[in-house]
Amino acid sequence: MAVLLAAFHPIREGAEVKKALPNEPIFRALYRHTYDVQEALKRFFENNTFSLTGIDERRANQKLLLAAHGHILPSNSFHESWALIDHQRRSAACFREQARSRIWALGTVFPDLVDAATGGLFVTFADSSDQRKVGRLHKFNPIRYRRRIIKILKALAVEFPGARALGVVEVSASTTDDGVVFEPHAHVLVFGANEVSTRDKFSDLLRGRATGRPLKIQSIDSVEVLGRRLSYCFKFSPELRSTFLRDGARSPGYDNVMSGPVLAEWYRWLAAYRASDLLIHMGQRPQFIAEMNSREMQPLIDSLLRSSLKMPPRDVQQGSS
């Protein structure tokens with residue numbers, strides 16, 4: 001175990017609990033330090049969670065949901081335990097892979113971005129022409145979508161040499177006048193370029209295509225905001241927005257989560273891709289994706305605990321558990 005992990009407070013396991021734990025070294029390490037990982041993640045975003053039993057329960061429910069709606073997925077889409085987490089990558093629908101990707105981003109990528117935090121931009125891009133009706137989400141290819149975004153980022157880098165970017169392709173859903181639609185979009189952190197040029201370049205993708213509010217750019221003015229935004233990029237959440245389109249604009253709505261056949265279809269789509277397939281990046285260090293896929297879990301956790309100390313302490317009185 002890394003030195004930093006030893007500095008945190010392990011849970012003392014009784015003999016009966018110890019005997020009941022799976023015989024997987026990484027599981028036992030995670031079990032001992034679950035509280036520390038939870039606290040580190042919550043420093044980035046209060047709603048972040050990390051629960052070994054919770055992941056098992058969600059996976060069991062996911063299996064039942066997919067089976068109930070006739071989705072039979074390849075067995076290698078998911079880690080059914082932590083045993084192979086250091087040796088094989090599974091799909092982005094795997095909750096263990098999602099947790100690992102979030103820990104990787106906040107533990108190893110966040111420190112690289114801290115120096116450029118002030119002056120960074122958080123871009124949300126959504127092209128309404130990319131929407132898919134229920135039953136048609138499998139037609140959306142995030143790899144082609146990602147290439148469109150990277151092409152724009154490279155054009156921005158011509159104007160601003162040294163510009164960097166990191167983001168994800170994401171799919172949420174909305175309840176509209178015509179029923180539920182899936183909404184592909186992207187969240188991108190941009191560093192080293194100004195807002196005017198960034199807006200112009202992304203707007204080039206939208207001319208004559210999108211309606212509503214397809215582009216939103218927010219400033220990053222502190223390390224705390226950077227951590228929150230980066231965490232948001234790796235949330236892997238099946239968001240359902242109840243809203244209605246009128247005259248090309250959205251009316252007020254509220255956020256919920258997908259359920260039933262919509263959630264099952266979202267899982268099926270996500271299971272066709274790895275987390276790295278959804279990643280948008282430019283100007284990062286060499287071997288960026290290789291490192292994402294190959295770093296072992298214990299060093300990733302060590303990095304997370306260290307990098308979380310760059311974020312402000314949690315206000316436990318106001319936070320939720």
# chains A, B, ... in the order shown; residues from 1 in each chain; ligands from 1
call {"tool": "residues_around", "arguments": {"residues": "segment 197-204 of chain A", "least_positions_apart": "2", "cutoff": "9 Å", "atoms": "only C-alpha atoms", "output": "ChimeraX atom specification"}}
result
/A:121,123,125,149,152-153,155-156,159,190,193-195,206-207,214-217
call {"tool": "write_last_selection", "arguments": {"atoms": "C-alpha atoms", "output": "compact mmCIF listing (two decimals), in the first residue's frame"}}
result
# COMPACT_ATOMS: atom_id res chain seq x y z
CA LEU A 121 -13.33 27.97 -19.70
CA VAL A 123 -17.84 24.76 -22.53
CA PHE A 125 -21.97 22.10 -26.48
CA ILE A 149 -15.18 18.60 -31.30
CA ILE A 152 -12.71 22.67 -33.60
CA LEU A 153 -10.23 22.53 -30.73
CA ALA A 155 -8.51 25.15 -35.08
CA LEU A 156 -8.52 27.04 -31.78
CA GLU A 159 -4.85 30.76 -33.00
CA VAL A 190 -10.49 24.73 -22.36
CA ALA A 193 -7.69 30.50 -25.23
CA ASN A 194 -10.05 33.44 -24.81
CA GLU A 195 -13.83 33.21 -24.63
CA LEU A 206 -23.84 25.02 -35.29
CA ARG A 207 -24.52 27.39 -38.16
CA PRO A 214 -26.72 24.94 -27.93
CA LEU A 215 -23.63 26.61 -26.49
CA LYS A 216 -22.83 27.71 -22.97
CA ILE A 217 -19.43 28.97 -21.81
call {"tool": "select_by_dssp", "arguments": {"residues": "segment 136-310 of chain A", "states": "helix (DSSP H, G or I)", "output": "number ranges by chain"}}
result
A: 137-139, 142-159, 195-203, 223-233, 260-270, 275-278, 288-294, 297-308
call {"tool": "closest_residue", "arguments": {"among": "A:Asn76, A:Gln131, A:Ser276, A:Ser308", "to": "Val180 of chain A", "atoms": "only C-alpha atoms"}}
result
A:Gln131
call {"tool": "select_by_dssp", "arguments": {"residues": "segment 78-148 of chain A", "states": "strand (DSSP E or B)", "output": "list in words"}}
result
Gly120, Leu121, Phe122, Val123, Thr124, Phe125, Arg132 and Lys133 of chain A
call {"tool": "write_last_selection", "arguments": {"atoms": "N, CA, C and O atoms", "output": "PDB file, in the first residue's frame"}}
result
ATOM      1  N   GLY A 120      -9.411  29.584 -17.265  1.00  0.00           N
ATOM      2  CA  GLY A 120      -9.941  28.479 -18.049  1.00  0.00           C
ATOM      3  C   GLY A 120     -11.414  28.685 -18.361  1.00  0.00           C
ATOM      4  O   GLY A 120     -12.092  29.553 -17.789  1.00  0.00           O
ATOM      5  N   LEU A 121     -11.934  27.878 -19.268  1.00  0.00           N
ATOM      6  CA  LEU A 121     -13.329  27.969 -19.698  1.00  0.00           C
ATOM      7  C   LEU A 121     -13.979  26.596 -19.606  1.00  0.00           C
ATOM      8  O   LEU A 121     -13.327  25.572 -19.844  1.00  0.00           O
ATOM      9  N   PHE A 122     -15.250  26.572 -19.272  1.00  0.00           N
ATOM     10  CA  PHE A 122     -16.030  25.343 -19.243  1.00  0.00           C
ATOM     11  C   PHE A 122     -17.107  25.455 -20.306  1.00  0.00           C
ATOM     12  O   PHE A 122     -18.033  26.256 -20.191  1.00  0.00           O
ATOM     13  N   VAL A 123     -16.957  24.664 -21.367  1.00  0.00           N
ATOM     14  CA  VAL A 123     -17.839  24.757 -22.528  1.00  0.00           C
ATOM     15  C   VAL A 123     -18.823  23.592 -22.519  1.00  0.00           C
ATOM     16  O   VAL A 123     -18.420  22.429 -22.390  1.00  0.00           O
ATOM     17  N   THR A 124     -20.105  23.901 -22.659  1.00  0.00           N
ATOM     18  CA  THR A 124     -21.126  22.884 -22.863  1.00  0.00           C
ATOM     19  C   THR A 124     -21.695  23.083 -24.259  1.00  0.00           C
ATOM     20  O   THR A 124     -22.196  24.159 -24.588  1.00  0.00           O
ATOM     21  N   PHE A 125     -21.582  22.038 -25.077  1.00  0.00           N
ATOM     22  CA  PHE A 125     -21.968  22.101 -26.482  1.00  0.00           C
ATOM     23  C   PHE A 125     -23.051  21.073 -26.751  1.00  0.00           C
ATOM     24  O   PHE A 125     -22.893  19.895 -26.418  1.00  0.00           O
ATOM     25  N   ARG A 132     -31.658  11.924 -30.619  1.00  0.00           N
ATOM     26  CA  ARG A 132     -32.139  10.627 -31.074  1.00  0.00           C
ATOM     27  C   ARG A 132     -33.423  10.272 -30.324  1.00  0.00           C
ATOM     28  O   ARG A 132     -33.504  10.436 -29.104  1.00  0.00           O
ATOM     29  N   LYS A 133     -34.388   9.762 -31.052  1.00  0.00           N
ATOM     30  CA  LYS A 133     -35.607   9.300 -30.415  1.00  0.00           C
ATOM     31  C   LYS A 133     -35.340   8.014 -29.645  1.00  0.00           C
ATOM     32  O   LYS A 133     -34.368   7.294 -29.912  1.00  0.00           O
TER      33      LYS A 133
END
call {"tool": "atom_distance", "arguments": {"atom1": "atom CA of Ile26 of chain A", "atom2": "atom CA of Gln88 of chain A"}}
result
13.9 Å
call {"tool": "atom_distance", "arguments": {"atom1": "atom CA of Arg32 of chain A", "atom2": "atom CA of Ser51 of chain A"}}
result
11.8 Å
